[in-house]
Amino acid sequence: MSADNTTPARPPQGPHQPRWAWWVVGIVIPVVGILVTVLMNGPGSSDDKAADDTDTVRPTTSADEKTATTPPPTKSPAADRVLYGPDEVKVDLSGGGAMYIDLDTSEPLLSGSDIKGADLIYQTTGDDPTLYTPDSALTLAPLAGSGDAPAPTASECADAVESNGAYTGTAQRGGRFCLLTGEGRVAYLRVVAVPPGRGVGRLDVTVWDTPAA
């Protein structure tokens with residue numbers, strides 16, 4: 001049997017890739033990798049945002065802590081602005097009749113005849129003088145307690161007039177009253193002295209320009 005010297009057939013080969021194609025692949029892949037890296041680490045990335053947020057956090061200072069823990073100031077009765085008083089006002093009714101009192105001035109204005117803007121009428125009617133309000137306005141509020149009781153604030157006086165306002169009251173010694181004037185001011189009146197019949201009566205008067213809110 002003779003040896004077979006026939007050369008075996010080669011399997012078919014695929015098309016041959018040109019050399020320049022491999023060069024393109026070798027260039028494109030690194031470029032794509034660089035672009036992806038740049039986009040991931042760009043200004044809009046989440047890592048940068050987190051870093052920016054961390055950088056912008058302001059540390060808490062002692063001033064911030066004071067603002068957070070200190071309550072807002074409250075308005076005290078001392079904030080009521082006094083227009084007049086407390087001071088004594090003498091009401092001379094030696095000749096009888098009535099005295100008209102205007103409290104919307106820097107000092108109380110008294111007149112033996114009716115005056116425009118009068119807030120109170122002090123009149124002798126017998127044993128004890130009587131206080132009236134012009135036109136029977138319900139702006140005079142009697143207060144409980146004697147003259148030794150603590151004086152009310154403007155706000156307390158305003159509340160008393162609103163809840164218990166009347167148009168008349170007896171001016172007995174130690175009597176206390178709150179009054180709302182024609183221009184919206186608040187006054188506190190305390191009867192210091194009452195003459196027997198005709199004579200000079202005395203009132204301790206405080207007028208507030210505006211009640212505290």
# chains A, B, ... in the order shown; residues from 1 in each chain; ligands from 1
call {"tool": "residues_around", "arguments": {"residues": "Thr168 (chain A)", "least_positions_apart": "4", "cutoff": "10 Å", "atoms": "only C-alpha atoms", "output": "PyMOL selection string"}}
result
chain A and resi 120-122+130-134+136-142
call {"tool": "write_last_selection", "arguments": {"atoms": "C-alpha atoms", "output": "PDB file, in the first residue's frame"}}
result
ATOM      1  CA  LEU A 120     -66.408 114.250  82.340  1.00  0.00           C
ATOM      2  CA  ILE A 121     -68.828 116.394  84.351  1.00  0.00           C
ATOM      3  CA  TYR A 122     -68.234 116.798  88.101  1.00  0.00           C
ATOM      4  CA  THR A 130     -71.674 112.943  91.077  1.00  0.00           C
ATOM      5  CA  LEU A 131     -69.652 112.158  87.965  1.00  0.00           C
ATOM      6  CA  TYR A 132     -71.389 112.194  84.588  1.00  0.00           C
ATOM      7  CA  THR A 133     -70.315 111.631  81.024  1.00  0.00           C
ATOM      8  CA  PRO A 134     -71.513 114.030  78.308  1.00  0.00           C
ATOM      9  CA  SER A 136     -74.766 109.827  78.708  1.00  0.00           C
ATOM     10  CA  ALA A 137     -71.999 107.924  76.912  1.00  0.00           C
ATOM     11  CA  LEU A 138     -71.197 104.560  78.529  1.00  0.00           C
ATOM     12  CA  THR A 139     -67.542 105.454  79.008  1.00  0.00           C
ATOM     13  CA  LEU A 140     -67.231 105.608  82.816  1.00  0.00           C
ATOM     14  CA  ALA A 141     -66.488 102.345  84.643  1.00  0.00           C
ATOM     15  CA  PRO A 142     -66.457 102.126  88.457  1.00  0.00           C
TER      16      PRO A 142
END
call {"tool": "residues_around", "arguments": {"residues": "region 182-197 of chain A", "least_positions_apart": "2", "cutoff": "6 Å", "atoms": "only C-alpha atoms", "output": "NGL selection string"}}
result
:A and (127 or 173-180 or 199-210)
call {"tool": "select_by_dssp", "arguments": {"residues": "region 64-203 of chain A", "states": "strand (DSSP E or B)", "output": "number ranges by chain"}}
result
A: 81-93, 98-102, 109-111, 120-123, 130-132, 140-143, 166, 168-170, 176-180, 186-193, 199-203
call {"tool": "write_last_selection", "arguments": {"atoms": "C-alpha atoms", "output": "short mmCIF file (atom, residue, chain, number, x, y, z; two decimals), in the first residue's frame"}}
result
data_model
loop_
_atom_site.label_atom_id
_atom_site.label_comp_id
_atom_site.auth_asym_id
_atom_site.auth_seq_id
_atom_site.Cartn_x
_atom_site.Cartn_y
_atom_site.Cartn_z
CA ARG A 81 -47.39 106.11 77.20
CA VAL A 82 -48.64 108.53 79.84
CA LEU A 83 -50.09 111.80 78.62
CA TYR A 84 -50.71 113.19 82.10
CA GLY A 85 -50.17 112.19 85.71
CA PRO A 86 -50.54 110.60 88.00
CA ASP A 87 -51.24 113.99 89.54
CA GLU A 88 -53.89 115.70 91.59
CA VAL A 89 -56.61 117.79 89.97
CA LYS A 90 -58.58 120.23 92.10
CA VAL A 91 -62.23 120.73 91.23
CA ASP A 92 -63.48 123.97 92.78
CA LEU A 93 -67.24 123.92 93.24
CA ALA A 98 -70.90 121.66 87.71
CA MET A 99 -67.37 121.46 86.38
CA TYR A 100 -66.64 120.23 82.84
CA ILE A 101 -63.31 118.43 82.48
CA ASP A 102 -61.42 117.78 79.24
CA LEU A 109 -58.84 121.55 81.19
CA LEU A 110 -61.59 122.57 83.65
CA SER A 111 -64.47 124.95 82.96
CA LEU A 120 -66.41 114.25 82.34
CA ILE A 121 -68.83 116.39 84.35
CA TYR A 122 -68.23 116.80 88.10
CA GLN A 123 -71.41 118.09 89.74
CA THR A 130 -71.67 112.94 91.08
CA LEU A 131 -69.65 112.16 87.97
CA TYR A 132 -71.39 112.19 84.59
CA LEU A 140 -67.23 105.61 82.82
CA ALA A 141 -66.49 102.34 84.64
CA PRO A 142 -66.46 102.13 88.46
CA LEU A 143 -63.72 99.86 89.85
CA ALA A 166 -71.75 103.43 82.61
CA THR A 168 -72.65 108.12 85.97
CA GLY A 169 -71.04 107.35 89.32
CA THR A 170 -70.93 108.76 92.85
CA ARG A 176 -62.01 104.62 91.62
CA PHE A 177 -63.06 104.95 87.99
CA CYS A 178 -61.79 104.28 84.51
CA LEU A 179 -62.79 106.57 81.68
CA LEU A 180 -62.57 106.51 77.89
CA VAL A 186 -57.89 106.02 78.71
CA ALA A 187 -57.92 107.69 82.11
CA TYR A 188 -57.84 106.47 85.70
CA LEU A 189 -59.55 108.62 88.36
CA ARG A 190 -59.29 108.21 92.11
CA VAL A 191 -61.39 110.38 94.44
CA VAL A 192 -58.98 111.82 97.02
CA ALA A 193 -61.21 114.31 98.84
CA GLY A 199 -66.16 123.27 98.16
CA VAL A 200 -63.05 121.93 96.48
CA GLY A 201 -62.93 118.28 95.48
CA ARG A 202 -59.72 116.51 94.58
CA LEU A 203 -59.10 113.77 92.04
#
